[in-house]
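Participant: This is upload_2.cif, which holds mmCIF, C-alpha atoms:
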data_entry
#
loop_
_atom_site.label_atom_id
_atom_site.label_comp_id
_atom_site.auth_asym_id
_atom_site.auth_seq_id
_atom_site.Cartn_x
_atom_site.Cartn_y
_atom_site.Cartn_z
CA MET A 1 0.00 0.00 0.00
CA SER A 2 2.91 2.37 0.73
CA GLY A 3 4.04 2.14 -2.91
CA ARG A 4 1.03 4.02 -4.29
CA ALA A 5 0.37 7.74 -4.05
CA TRP A 6 -2.02 8.48 -1.23
CA PRO A 7 -4.96 10.84 -1.77
CA THR A 8 -4.54 14.52 -1.12
CA SER A 9 -6.71 16.48 1.26
CA LEU A 10 -8.61 18.02 -1.65
CA GLU A 11 -9.37 14.56 -3.04
CA TYR A 12 -10.69 13.44 0.33
CA VAL A 13 -12.86 16.58 0.61
CA ALA A 14 -14.31 15.94 -2.85
CA ALA A 15 -15.07 12.32 -1.96
CA ALA A 16 -16.66 13.22 1.38
CA GLN A 17 -19.20 15.42 -0.37
CA ASN A 18 -20.91 12.21 -1.47
CA PRO A 19 -20.65 9.90 1.56
CA GLU A 20 -23.11 7.37 0.15
CA SER A 21 -20.83 6.58 -2.77
CA ALA A 22 -17.43 7.33 -1.20
CA PHE A 23 -17.52 5.40 2.07
CA ARG A 24 -17.42 1.62 2.24
CA VAL A 25 -18.37 1.56 5.91
CA PRO A 26 -22.17 1.12 6.10
CA GLU A 27 -22.73 3.44 9.06
CA LEU A 28 -20.67 6.18 7.40
CA ARG A 29 -22.65 6.11 4.16
CA SER A 30 -25.63 7.57 6.00
CA ALA A 31 -23.58 9.83 8.28
CA ARG A 32 -24.40 13.53 8.34
CA PHE A 33 -21.17 15.47 8.10
CA ILE A 34 -20.86 19.04 9.30
CA ALA A 35 -20.63 21.24 6.22
CA ASP A 36 -20.80 24.79 4.98
CA ALA A 37 -21.19 26.35 1.54
CA ALA A 38 -17.72 25.12 0.56
CA GLY A 39 -18.45 21.49 1.45
CA PRO A 40 -17.65 19.15 4.37
CA LYS A 41 -15.82 20.94 7.16
CA SER A 42 -12.52 19.38 8.10
CA ILE A 43 -9.34 19.97 10.03
CA GLU A 44 -6.06 18.92 8.51
CA GLY A 45 -2.87 17.66 10.09
CA GLN A 46 0.37 16.40 8.63
CA GLN A 47 -0.75 12.77 8.93
CA ALA A 48 -4.45 12.98 8.11
CA ILE A 49 -7.52 15.04 7.40
CA VAL A 50 -10.54 14.53 9.63
CA PHE A 51 -14.24 15.06 9.00
CA PHE A 52 -16.84 15.47 11.73
CA GLY A 53 -20.44 14.43 11.77
CA SER A 54 -23.09 12.27 13.32
CA ALA A 55 -23.87 8.64 12.65
CA GLY A 56 -26.44 6.28 14.08
CA GLU A 57 -24.46 5.81 17.32
CA GLY A 58 -23.82 9.52 17.88
CA PRO A 59 -21.02 12.03 17.18
CA VAL A 60 -18.35 10.60 14.91
CA ALA A 61 -14.99 11.68 13.50
CA VAL A 62 -13.50 10.08 10.40
CA ARG A 63 -9.74 10.29 10.03
CA CYS A 64 -8.51 9.87 6.44
CA LEU A 65 -4.79 9.21 6.14
CA LYS A 66 -2.53 11.10 3.76
CA ARG A 67 0.38 8.71 4.30
CA PRO A 68 0.71 5.13 5.54
CA LEU A 69 0.51 4.38 9.25
CA ASP A 70 2.81 1.42 9.83
CA GLY A 71 0.97 -1.41 11.54
CA GLY A 72 -2.21 0.66 11.71
CA ALA A 73 -4.61 -2.25 11.31
CA GLU A 74 -2.75 -4.35 13.90
CA ARG A 75 -2.41 -1.43 16.30
CA TYR A 76 -6.08 -0.48 16.35
CA ALA A 77 -7.27 -4.10 16.45
CA ALA A 78 -5.03 -4.75 19.46
CA LEU A 79 -6.25 -1.58 21.15
CA ARG A 80 -9.89 -2.52 20.63
CA ALA A 81 -9.34 -6.03 21.97
CA TYR A 82 -7.36 -4.82 24.98
CA LEU A 83 -9.94 -2.21 25.96
CA THR A 84 -12.65 -4.85 25.79
CA ASP A 85 -10.91 -6.64 28.67
CA HIS A 86 -9.69 -3.43 30.35
CA PRO A 87 -12.43 -0.81 29.88
CA MET A 88 -11.06 2.73 30.10
CA ALA A 89 -13.60 5.55 29.95
CA ALA A 90 -10.87 8.10 29.18
CA ILE A 91 -10.00 6.45 25.86
CA PRO A 92 -12.60 6.95 23.10
CA SER A 93 -13.45 4.14 20.74
CA ALA A 94 -11.50 3.99 17.49
CA ASP A 95 -11.76 1.42 14.71
CA TRP A 96 -9.47 0.86 11.76
CA ARG A 97 -11.43 0.20 8.56
CA GLU A 98 -9.08 -1.15 5.91
CA ASP A 99 -11.23 -0.34 2.86
CA GLY A 100 -13.07 2.57 4.38
CA ILE A 101 -13.25 5.10 1.57
CA GLN A 102 -12.93 5.10 -2.22
CA VAL A 103 -10.87 7.83 -3.83
CA GLY A 104 -9.52 7.80 -7.38
CA GLY A 105 -10.88 4.37 -8.10
CA GLN A 106 -9.03 2.79 -5.16
CA THR A 107 -9.98 2.08 -1.56
CA TRP A 108 -8.09 3.49 1.40
CA PRO A 109 -8.19 2.89 5.15
CA VAL A 110 -9.93 5.26 7.52
CA ILE A 111 -10.06 5.42 11.30
CA LYS A 112 -13.62 5.78 12.51
CA MET A 113 -13.62 7.38 15.94
CA GLU A 114 -15.93 8.52 18.65
CA ARG A 115 -15.89 12.32 18.42
CA VAL A 116 -14.96 13.91 21.73
CA VAL A 117 -17.02 17.06 22.20
CA GLY A 118 -15.27 19.51 24.50
CA SER A 119 -12.15 21.60 24.98
CA SER A 120 -8.52 20.69 24.68
CA LEU A 121 -6.57 20.95 27.93
CA LEU A 122 -4.90 24.09 26.61
CA THR A 123 -8.22 25.78 25.88
CA PHE A 124 -9.62 24.61 29.20
CA VAL A 125 -6.70 26.10 31.10
CA GLU A 126 -7.11 29.43 29.30
CA LYS A 127 -10.80 29.49 30.18
CA ASN A 128 -10.18 28.68 33.85
CA LEU A 129 -7.18 30.80 34.78
CA ALA A 130 -9.51 32.81 37.00
CA ASP A 131 -10.57 29.62 38.82
CA PRO A 132 -7.46 28.16 40.52
CA ALA A 133 -9.57 25.71 42.49
CA ARG A 134 -10.81 24.14 39.24
CA LEU A 135 -7.24 23.83 37.95
CA SER A 136 -6.21 22.12 41.18
CA GLN A 137 -9.16 19.76 40.87
CA VAL A 138 -8.19 18.79 37.32
CA ALA A 139 -4.59 18.24 38.47
CA ALA A 140 -5.82 15.74 41.06
CA GLU A 141 -8.07 14.06 38.48
CA TRP A 142 -5.13 13.90 36.09
CA ARG A 143 -2.95 12.11 38.65
CA ALA A 144 -5.75 9.62 39.31
CA LEU A 145 -6.22 8.97 35.57
CA ILE A 146 -2.51 8.39 34.95
CA THR A 147 -2.40 6.00 37.91
CA GLU A 148 -5.38 4.09 36.47
CA LEU A 149 -3.76 3.82 33.05
CA SER A 150 -0.53 2.53 34.57
CA ARG A 151 -2.40 -0.02 36.66
CA ASP A 152 -3.93 -1.42 33.46
CA CYS A 153 -0.55 -1.38 31.64
CA ILE A 154 -1.60 1.30 29.15
CA ALA A 155 0.57 4.21 28.01
CA HIS A 156 -0.78 6.81 25.63
CA GLY A 157 2.59 7.59 24.05
CA ASP A 158 2.00 11.25 23.15
CA LEU A 159 0.55 13.10 26.12
CA GLN A 160 0.32 16.83 25.45
CA GLN A 161 -2.06 19.70 25.96
CA ASP A 162 -3.96 19.07 22.73
CA ASN A 163 -4.26 15.28 23.06
CA VAL A 164 -5.93 15.70 26.45
CA MET A 165 -9.57 16.79 26.24
CA LEU A 166 -12.12 17.92 28.79
CA ALA A 167 -15.27 16.34 27.38
CA ASP A 168 -18.21 18.59 28.19
CA GLU A 169 -15.68 20.62 30.24
CA GLU A 170 -15.77 17.86 32.86
CA HIS A 171 -14.25 14.50 31.98
CA LEU A 172 -10.64 13.88 30.95
CA ARG A 173 -10.36 12.03 27.64
CA LEU A 174 -7.29 11.11 25.58
CA VAL A 175 -7.26 11.39 21.78
CA ASP A 176 -4.74 10.50 19.04
CA LEU A 177 -4.06 6.85 19.71
CA ASP A 178 -1.38 6.20 17.08
CA ALA A 179 1.39 5.75 19.68
CA VAL A 180 -0.39 3.81 22.44
CA TRP A 181 1.74 1.23 24.28
CA LEU A 182 0.09 -2.04 25.36
CA PRO A 183 1.62 -5.38 26.33
CA THR A 184 0.22 -6.71 23.05
CA LEU A 185 1.81 -3.88 21.06
CA SER A 186 5.29 -3.81 22.62
CA HIS A 187 6.76 -5.17 19.37
CA LEU A 188 5.34 -2.34 17.27
CA PRO A 189 6.99 0.98 18.19
CA PRO A 190 5.57 4.07 16.50
CA LYS A 191 7.68 6.32 14.33
CA GLU A 192 6.55 9.44 16.15
CA ARG A 193 8.35 10.53 19.30
CA GLY A 194 5.80 12.87 20.79
CA HIS A 195 5.55 16.62 21.31
CA ARG A 196 8.93 18.14 22.14
CA HIS A 197 7.49 20.49 24.79
CA PHE A 198 6.25 17.50 26.80
CA GLN A 199 8.80 14.75 26.14
CA HIS A 200 12.14 14.04 27.79
CA PRO A 201 15.05 15.01 25.50
CA GLU A 202 16.29 11.42 25.63
CA ARG A 203 13.13 10.18 23.95
CA LEU A 204 13.41 12.80 21.22
CA HIS A 205 17.07 11.85 20.80
CA THR A 206 16.80 8.04 20.91
CA GLY A 207 13.17 7.20 20.22
CA TYR A 208 12.76 5.19 23.46
CA TRP A 209 9.24 3.78 23.88
CA GLY A 210 7.87 1.44 26.53
CA ARG A 211 5.37 0.84 29.31
CA TYR A 212 6.42 3.87 31.36
CA ILE A 213 6.83 6.28 28.47
CA ASP A 214 4.00 8.43 29.90
CA THR A 215 5.74 9.08 33.23
CA PHE A 216 7.65 12.16 32.10
CA PRO A 217 4.97 13.96 30.03
CA ALA A 218 2.31 13.13 32.62
CA LEU A 219 4.49 14.76 35.26
CA VAL A 220 5.01 17.81 33.02
CA ILE A 221 1.23 18.26 32.76
CA TYR A 222 0.70 17.64 36.48
CA VAL A 223 3.34 20.17 37.54
CA SER A 224 1.99 22.68 35.01
CA LEU A 225 -1.57 22.45 36.32
CA ARG A 226 -0.54 22.74 39.95
CA ALA A 227 1.84 25.60 39.22
CA LEU A 228 -0.82 27.52 37.28
CA ALA A 229 -3.32 27.05 40.08
CA ALA A 230 -0.84 28.69 42.44
CA ASP A 231 0.42 31.37 40.04
CA THR A 232 -1.80 32.00 37.01
CA GLY A 233 0.65 34.62 35.75
CA LEU A 234 2.89 31.78 34.58
CA PHE A 235 0.57 31.25 31.64
CA GLY A 236 1.00 34.71 30.21
CA ASP A 237 4.74 34.61 30.79
CA PHE A 238 5.58 31.15 29.48
CA ASN A 239 2.80 29.82 27.26
CA ASN A 240 3.60 29.93 23.53
CA ASP A 241 0.38 28.26 22.25
CA GLU A 242 2.25 24.97 21.75
CA ASN A 243 2.72 24.18 25.44
CA LEU A 244 1.26 24.86 28.87
CA ILE A 245 4.25 26.50 30.56
CA PHE A 246 7.26 24.23 29.91
CA CYS A 247 9.20 24.09 26.65
CA ASP A 248 11.91 21.74 25.44
CA GLU A 249 14.63 24.17 26.52
CA ASP A 250 13.48 23.83 30.14
CA PHE A 251 14.05 20.07 29.95
CA ALA A 252 17.37 20.36 28.13
CA ARG A 253 18.69 22.93 30.62
CA PRO A 254 17.05 21.92 33.92
CA GLY A 255 17.31 24.64 36.54
CA GLN A 256 18.89 27.11 34.13
CA THR A 257 15.92 28.67 32.30
CA PRO A 258 13.69 31.49 33.65
CA LEU A 259 10.78 29.16 34.44
CA TRP A 260 12.54 27.15 37.12
CA PRO A 261 13.11 30.00 39.61
CA ARG A 262 9.44 30.92 39.27
CA LEU A 263 8.48 27.38 40.24
CA TRP A 264 10.89 27.26 43.17
CA ALA A 265 9.36 30.51 44.42
CA SER A 266 5.76 29.28 44.05
CA PRO A 267 3.45 30.27 46.92
CA ASP A 268 2.42 26.59 47.04
CA THR A 269 5.15 24.54 48.72
CA GLY A 270 3.72 21.45 47.06
CA VAL A 271 4.51 22.98 43.66
CA ARG A 272 8.11 23.49 44.73
CA ASP A 273 8.34 19.83 45.71
CA VAL A 274 6.94 18.40 42.46
CA ALA A 275 9.01 20.87 40.43
CA HIS A 276 12.17 19.52 42.05
CA VAL A 277 11.07 15.99 41.12
CA LEU A 278 10.61 17.07 37.50
CA GLU A 279 13.99 18.82 37.50
CA ARG A 280 15.59 15.61 38.74
CA CYS A 281 13.82 13.67 35.98
CA CYS A 282 15.39 15.97 33.41
CA GLN A 283 18.79 15.11 34.83
CA THR A 284 18.27 11.35 34.67
CA THR A 285 17.30 8.83 32.02
CA VAL A 286 13.72 8.69 30.78
CA GLN A 287 13.86 4.94 31.38
CA LEU A 288 13.00 5.12 35.10
CA GLY A 289 10.75 2.05 35.14
CA VAL A 290 8.11 3.61 37.42
CA ASP A 291 4.87 5.49 36.91
CA MET A 292 4.17 9.07 37.96
CA ASP A 293 2.34 8.21 41.17
CA THR A 294 5.26 6.10 42.35
CA LEU A 295 7.70 8.82 41.37
CA LEU A 296 5.84 11.36 43.50
CA SER A 297 5.61 9.07 46.51
CA PRO A 298 8.20 9.29 49.32
CA GLY A 299 11.27 7.32 48.28
CA GLY A 300 9.69 6.59 44.91
CA PHE A 301 12.49 8.00 42.76
CA PRO A 302 14.72 5.10 41.62
CA ALA A 303 18.05 5.40 43.42
CA THR A 304 19.81 3.62 40.57
CA ALA A 305 18.51 5.90 37.80
CA ALA A 306 21.28 6.70 35.34
CA SER A 307 22.16 10.34 34.82
CA TRP A 308 21.32 12.10 31.57
CA THR A 309 22.84 15.16 29.96
CA THR A 310 21.29 16.50 26.81
CA PRO A 311 23.85 16.31 23.98
CA ALA A 312 25.47 19.57 22.97
CA SER A 313 24.31 18.96 19.40
CA PHE A 314 20.70 19.12 20.59
CA LEU A 315 21.32 22.37 22.44
CA ALA A 316 23.16 23.94 19.53
CA SER A 317 20.59 22.93 16.92
CA ARG A 318 18.84 26.30 17.07
CA PRO A 319 18.65 29.49 19.19
CA TRP A 320 16.67 28.73 22.34
CA TRP A 321 14.18 31.54 21.67
CA SER A 322 13.31 30.40 18.14
CA VAL A 323 9.87 29.15 17.19
CA PRO A 324 9.71 25.48 18.22
CA PRO A 325 9.73 22.94 15.38
CA THR A 326 7.00 20.33 15.08
CA THR A 327 7.67 16.60 15.22
CA VAL A 328 6.69 14.93 11.95
CA LEU A 329 6.94 11.46 10.54
CA PRO A 330 9.60 10.57 7.96
CA PRO A 331 8.64 10.78 4.27
CA ASP A 332 6.79 7.87 2.70
CA GLY A 333 9.14 4.97 2.16
CA ALA A 334 11.59 6.01 4.87
CA THR A 335 12.92 3.24 7.08
CA GLY A 336 13.90 3.04 10.70
CA ASN A 337 12.30 4.55 13.79
CA SER A 338 13.44 8.09 13.27
CA ALA A 339 11.39 11.24 13.20
CA ALA A 340 12.35 14.61 11.86
CA THR A 341 11.76 17.93 13.58
CA VAL A 342 11.09 20.72 11.12
CA PRO A 343 9.05 23.91 11.23
CA PRO A 344 5.49 23.37 10.00
CA PRO A 345 4.91 24.61 6.44
CA ASP A 346 2.95 27.82 6.09
CA GLY A 347 -0.77 27.19 6.10
CA VAL A 348 -0.57 23.68 7.59
CA LYS A 349 -3.10 23.25 10.38
CA ARG A 350 -2.65 21.15 13.48
CA GLU A 351 -4.37 17.82 13.99
CA TRP A 352 -8.16 17.44 13.98
CA TRP A 353 -8.84 17.79 17.68
CA LEU A 354 -6.84 21.00 17.92
CA ARG A 355 -7.94 24.55 17.49
CA GLU A 356 -6.22 26.35 14.66
CA SER A 357 -2.84 27.74 15.65
CA GLU A 358 -2.60 31.37 16.52
CA SER A 359 0.55 33.41 16.05
CA ALA A 360 3.30 32.22 18.39
CA LYS A 361 3.30 34.07 21.69
CA TYR A 362 6.86 34.63 22.83
CA SER A 363 7.54 34.35 26.54
CA TRP A 364 10.41 36.82 26.63
CA THR A 365 11.38 39.97 24.79
CA ARG A 366 14.24 40.17 22.31
CA ASP A 367 16.39 42.06 24.82
CA GLN A 368 15.79 39.44 27.50
CA ALA A 369 16.59 36.71 25.00
CA ALA A 370 19.84 38.41 24.08
CA ALA A 371 20.79 38.75 27.74
CA ARG A 372 19.95 35.09 28.35
CA ALA A 373 22.05 33.98 25.39
CA ALA A 374 25.01 36.24 26.26
CA PRO A 375 27.22 33.62 28.00
CA SER A 376 27.21 31.26 25.04
CA ALA A 377 27.32 34.07 22.53
CA LYS A 378 30.56 35.36 24.04
CA ALA A 379 32.23 32.01 23.53
CA SER A 380 31.20 31.79 19.93
CA ALA A 381 31.20 35.42 18.83
CA PRO A 382 31.39 35.68 15.04
CA THR A 383 34.52 37.07 13.41
CA PRO A 384 33.92 40.64 12.16
CA ALA A 385 33.41 40.69 8.42
CA LYS A 386 36.36 42.04 6.41
CA ILE A 387 35.82 45.13 4.23
CA SER A 388 36.67 44.47 0.59
CA VAL A 389 39.17 46.57 -1.38
CA GLY A 390 36.37 47.88 -3.61
CA SER A 391 34.42 49.02 -0.57
CA LYS A 392 37.46 50.82 0.80
CA VAL A 393 37.96 52.67 -2.49
CA ALA A 394 34.30 53.68 -2.57
CA ILE A 395 34.53 55.03 0.97
CA ILE A 396 37.67 57.07 0.15
CA ILE A 397 36.03 58.54 -2.97
CA ALA A 398 32.93 59.48 -0.98
CA ILE A 399 35.06 61.22 1.65
CA LEU A 400 37.04 63.16 -0.98
CA PHE A 401 33.78 64.21 -2.65
CA LEU A 402 32.44 65.55 0.64
CA VAL A 403 35.73 67.43 1.23
CA VAL A 404 35.49 69.07 -2.21
CA ILE A 405 31.91 70.16 -1.56
CA LEU A 406 32.94 71.58 1.81
CA VAL A 407 35.84 73.56 0.27
CA VAL A 408 33.61 74.97 -2.49
CA ALA A 409 31.04 76.03 0.10
CA ILE A 410 33.70 77.78 2.18
CA VAL A 411 35.10 79.65 -0.84
CA ALA A 412 31.61 80.71 -1.93
CA ALA A 413 30.85 82.02 1.53
CA ALA A 414 34.09 84.04 1.57
CA HIS A 415 33.00 85.92 -1.57
#
Please re-express this file's structure in structure tokens.
Facilitator:
Amino acid sequence: MSGRAWPTSLEYVAAAQNPESAFRVPELRSARFIADAAGPKSIEGQQAIVFFGSAGEGPVAVRCLKRPLDGGAERYAALRAYLTDHPMAAIPSADWREDGIQVGGQTWPVIKMERVVGSSLLTFVEKNLADPARLSQVAAEWRALITELSRDCIAHGDLQQDNVMLADEEHLRLVDLDAVWLPTLSHLPPKERGHRHFQHPERLHTGYWGRYIDTFPALVIYVSLRALAADTGLFGDFNNDENLIFCDEDFARPGQTPLWPRLWASPDTGVRDVAHVLERCCQTTVQLGVDMDTLLSPGGFPATAASWTTPASFLASRPWWSVPPTTVLPPDGATGNSAATVPPPDGVKREWWLRESESAKYSWTRDQAAARAAPSAKASAPTPAKISVGSKVAIIIAILFLVVILVVAIVAAAH
């Protein structure tokens, strides 16, 4: 299947205008898709385009792939079977349909999903900054959910502010299930490595994936929620629309970025404690072998955890204040378990459950950024550019010309 050209978003949109003839899934043929004058409404990501509507069983989302998802059929079949034995209300239903839609005379797979109606965690936080008690409540619910997932040997694989939803503003739900870890899927690692503002640098660097892969990003979200409940000003100072308050630089330089002192000075002593745990996690391997609840318990941090220092090549890859790149899958046909990090192309929207990106909101001013970068800039100051011979001649001629004009003016004034 990977050898053929996959449909474009425009081709999918054209097909979805006639669901009765395009879809090969019976319940989708009669689905009512949300549309406007231009046709079926959709949100597009780098991996897929998704249409929203209602089917016989209720709200539905149909994810149409623009590139192959390795092991997709096996992954979603295993997930469905596992959740049958281990029901998890936080994970919406999702079914892989191998010949789900016909485009260009060929059939293509789709992922038919339960549509989660509500706000992303990012949107929810923005709406509730004036209600610290609600943020604290969600933080506690988040810890309970992560503990429940770990107990049932489930790891989401890409926890971030836009993959966590508050259904009906109340119930935590997890979307985007392409990277889920289960005992029955341990042999099928995903190509994606997660969102860089939530993942440990070691995972981004090595691609590690396993049962406890959620420990670090879950802790990032937990610390963020508790910190915001205690100091809502953190959001305006450190949110860049692609994170809550932490960014990858905070993980790569634990204790050295402006966010850390703010956390250590939090009016909530509990925030200071969990922030120190997260700082320690940044300094050790991501492969801790424990879940978040254990990590936060007295004596729960593994004494034998190996230290970790983010490679200099990672730190030097770009200026720390630059717009963060987005993790994307390798091109079609690429091999290995690598993922590239490149800036999103202009006009590309984020995945279906996300709101459309706004302009990046920088946490610091240019002057502050320059001051922050000064120590490293001094060590690698660029060599001043040499002035060419031609430029020197031009400068001399210009000076002589000005002298002549000045002399003429003086003589004229004397007469």
Participant: Run the PyMOL selection byres ((chain A and resi 199) around 10) on the file and write out the hits as a list of chain:residue names.
Facilitator: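 Residues picked by the PyMOL selection byres ((chain A and resi 199) around 10): A:Gly157, A:Asp158, A:Leu159, A:Gln160, A:Arg193, A:Gly194, A:His195, A:Arg196, A:His197, A:Phe198, A:His200, A:Pro201, A:Glu202, A:Arg203, A:Leu204, A:Ile213, A:Asp214, A:Thr215, A:Phe216, A:Pro217, A:Ala218, A:Val220, A:Cys247, A:Asp248, A:Phe251, A:Cys282, A:Val286.
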Participant: For Met113 in chain A, list every protein, DNA or RNA residue within 9 Å, evaluated using only C-alpha atoms, and leave out those in the same chain fewer than 5 positions away; present the list as number ranges by chain.
Facilitator: A: 59-63, 92-96
Participant: Since I can't run it myself right now, could you work out what the PyMOL selection byres ((chain A and resi 151-155) around 8) selects here and report it as a list in words?
Facilitator: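 Here the PyMOL selection byres ((chain A and resi 151-155) around 8) matches His86, Thr147, Glu148, Leu149, Ser150, His156, Gly157, Val180, Trp181, Leu182, Pro183, Gly210, Arg211, Tyr212, Ile213 and Asp214 of chain A.
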Participant: Given the selection you just returned, output its residues as a file containing C-alpha atoms, formatted as a tab-separated table (two decimals), in the coordinates of the input.
Facilitator:
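Final output, out_30.tsv:
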chain	number	residue	atom	x	y	z
A	86	HIS	CA	-9.69	-3.43	30.35
A	147	THR	CA	-2.40	6.00	37.91
A	148	GLU	CA	-5.38	4.09	36.47
A	149	LEU	CA	-3.76	3.82	33.05
A	150	SER	CA	-0.53	2.53	34.57
A	156	HIS	CA	-0.78	6.81	25.63
A	157	GLY	CA	2.59	7.59	24.05
A	180	VAL	CA	-0.39	3.81	22.44
A	181	TRP	CA	1.74	1.23	24.28
A	182	LEU	CA	0.09	-2.04	25.36
A	183	PRO	CA	1.62	-5.38	26.33
A	210	GLY	CA	7.87	1.44	26.53
A	211	ARG	CA	5.37	0.84	29.31
A	212	TYR	CA	6.42	3.87	31.36
A	213	ILE	CA	6.83	6.28	28.47
A	214	ASP	CA	4.00	8.43	29.90
Participant: Go through A:Ala167, A:Ala37, A:Val223, A:Ala48 and flag the residue nearest Val110 in chain A, using all atoms listed in the file for the distances.
Facilitator: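 When distances to Val110 in chain A are compared using all atoms listed in the file, the smallest one comes from A:Ala48.
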Participant: Which residues are near Leu121 in chain A? Cut-off 9 Å, only C-alpha atoms, ignore same chain within fewer than 3 positions. Put them as number ranges by chain.
Facilitator: A: 124-126, 160-166, 172, 244
Participant: Determine the nearest neighbour of Leu65 in chain A from the options A:Leu188, A:Leu402, A:Val103, A:Ala306, counting only C-alpha atoms.
Facilitator: A:Val103
Participant: CA of Cys64 in chain A and CA of Ser21 in chain A are how many Å apart?
Facilitator: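 Interatomic distance here is 15.7 Å.
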Participant: Nearest residue to Arg97 in chain A out of A:Gly118, A:Gly56, A:Pro26, A:Pro7, using only C-alpha atoms?
Facilitator: A:Pro26
Participant: List every protein, DNA or RNA residue with an atom no more than 10 Å from (10.0, 30.1, 36.0) in the file's coordinates, counting all atoms listed in the file, and format the result as a ChimeraX atom specification.
Facilitator: /A:227,234,237-238,245-246,250,255-266
Participant: What does the distance from CA of Leu10 in chain A to CA of Gly53 in chain A come to in Å, to one decimal?
Facilitator: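 Here the two named atoms are 18.2 Å from each other.
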Participant: Under the rule that only C-alpha atoms are counted, which of A:Gln47, A:Thr284, A:Ser136, A:Thr206 is the nearest residue to Val271 in chain A?
Facilitator: A:Ser136
Participant: Expand the PyMOL selection byres ((chain A and resi 20) around 12) into the explicit residue set it covers here, and present it as JSON, numbers by chain.
Facilitator: {"A": [15, 16, 17, 18, 19, 21, 22, 23, 24, 25, 26, 27, 28, 29, 30, 31, 32, 33, 100, 101, 102]}
Participant: Give the answer as one residue: which of A:Pro190, A:Pro267, A:Gly236, A:Gly289 has the shortest atom-to-atom distance to Ala305 in chain A, using only C-alpha atoms?
Facilitator: A:Gly289
Participant: Working from the structure I just supplied, which lacks atoms in range 82-97 of chain A, can you model N, CA and C atoms there and output them as a PDB file, in the coordinates of the input?
Facilitator:
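The resulting file, rebuild-v2.pdb, is shown below:
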ATOM      1  N   TYR A  82      -7.868  -5.036  23.618  1.00  0.00           N
ATOM      2  CA  TYR A  82      -7.360  -4.820  24.980  1.00  0.00           C
ATOM      3  C   TYR A  82      -8.364  -4.039  25.814  1.00  0.00           C
ATOM      4  N   LEU A  83      -8.975  -3.018  25.215  1.00  0.00           N
ATOM      5  CA  LEU A  83      -9.940  -2.210  25.960  1.00  0.00           C
ATOM      6  C   LEU A  83     -11.230  -2.971  26.251  1.00  0.00           C
ATOM      7  N   THR A  84     -11.493  -4.015  25.485  1.00  0.00           N
ATOM      8  CA  THR A  84     -12.650  -4.850  25.790  1.00  0.00           C
ATOM      9  C   THR A  84     -12.463  -5.545  27.127  1.00  0.00           C
ATOM     10  N   ASP A  85     -11.224  -5.967  27.397  1.00  0.00           N
ATOM     11  CA  ASP A  85     -10.910  -6.640  28.670  1.00  0.00           C
ATOM     12  C   ASP A  85     -10.540  -5.657  29.769  1.00  0.00           C
ATOM     13  N   HIS A  86     -10.103  -4.451  29.381  1.00  0.00           N
ATOM     14  CA  HIS A  86      -9.690  -3.430  30.350  1.00  0.00           C
ATOM     15  C   HIS A  86     -10.394  -2.116  30.001  1.00  0.00           C
ATOM     16  N   PRO A  87     -11.688  -2.009  30.257  1.00  0.00           N
ATOM     17  CA  PRO A  87     -12.430  -0.810  29.880  1.00  0.00           C
ATOM     18  C   PRO A  87     -11.799   0.454  30.484  1.00  0.00           C
ATOM     19  N   MET A  88     -11.674   1.480  29.668  1.00  0.00           N
ATOM     20  CA  MET A  88     -11.060   2.730  30.100  1.00  0.00           C
ATOM     21  C   MET A  88     -11.890   3.875  29.543  1.00  0.00           C
ATOM     22  N   ALA A  89     -12.677   4.509  30.404  1.00  0.00           N
ATOM     23  CA  ALA A  89     -13.600   5.550  29.950  1.00  0.00           C
ATOM     24  C   ALA A  89     -12.864   6.729  29.320  1.00  0.00           C
ATOM     25  N   ALA A  90     -11.607   6.949  29.696  1.00  0.00           N
ATOM     26  CA  ALA A  90     -10.870   8.100  29.180  1.00  0.00           C
ATOM     27  C   ALA A  90     -10.425   7.933  27.742  1.00  0.00           C
ATOM     28  N   ILE A  91     -10.461   6.705  27.227  1.00  0.00           N
ATOM     29  CA  ILE A  91     -10.000   6.450  25.860  1.00  0.00           C
ATOM     30  C   ILE A  91     -11.214   6.234  24.954  1.00  0.00           C
ATOM     31  N   PRO A  92     -11.432   7.105  23.988  1.00  0.00           N
ATOM     32  CA  PRO A  92     -12.600   6.950  23.100  1.00  0.00           C
ATOM     33  C   PRO A  92     -12.422   5.771  22.164  1.00  0.00           C
ATOM     34  N   SER A  93     -13.513   5.262  21.672  1.00  0.00           N
ATOM     35  CA  SER A  93     -13.450   4.140  20.740  1.00  0.00           C
ATOM     36  C   SER A  93     -12.858   4.584  19.415  1.00  0.00           C
ATOM     37  N   ALA A  94     -12.120   3.698  18.789  1.00  0.00           N
ATOM     38  CA  ALA A  94     -11.500   3.990  17.490  1.00  0.00           C
ATOM     39  C   ALA A  94     -11.329   2.683  16.746  1.00  0.00           C
ATOM     40  N   ASP A  95     -11.821   2.638  15.518  1.00  0.00           N
ATOM     41  CA  ASP A  95     -11.760   1.420  14.710  1.00  0.00           C
ATOM     42  C   ASP A  95     -11.056   1.686  13.391  1.00  0.00           C
ATOM     43  N   TRP A  96     -10.150   0.798  13.053  1.00  0.00           N
ATOM     44  CA  TRP A  96      -9.470   0.860  11.760  1.00  0.00           C
ATOM     45  C   TRP A  96     -10.336   0.139  10.732  1.00  0.00           C
ATOM     46  N   ARG A  97     -10.658   0.817   9.642  1.00  0.00           N
ATOM     47  CA  ARG A  97     -11.430   0.200   8.560  1.00  0.00           C
ATOM     48  C   ARG A  97     -10.543   0.179   7.311  1.00  0.00           C
TER      49      ARG A  97
END
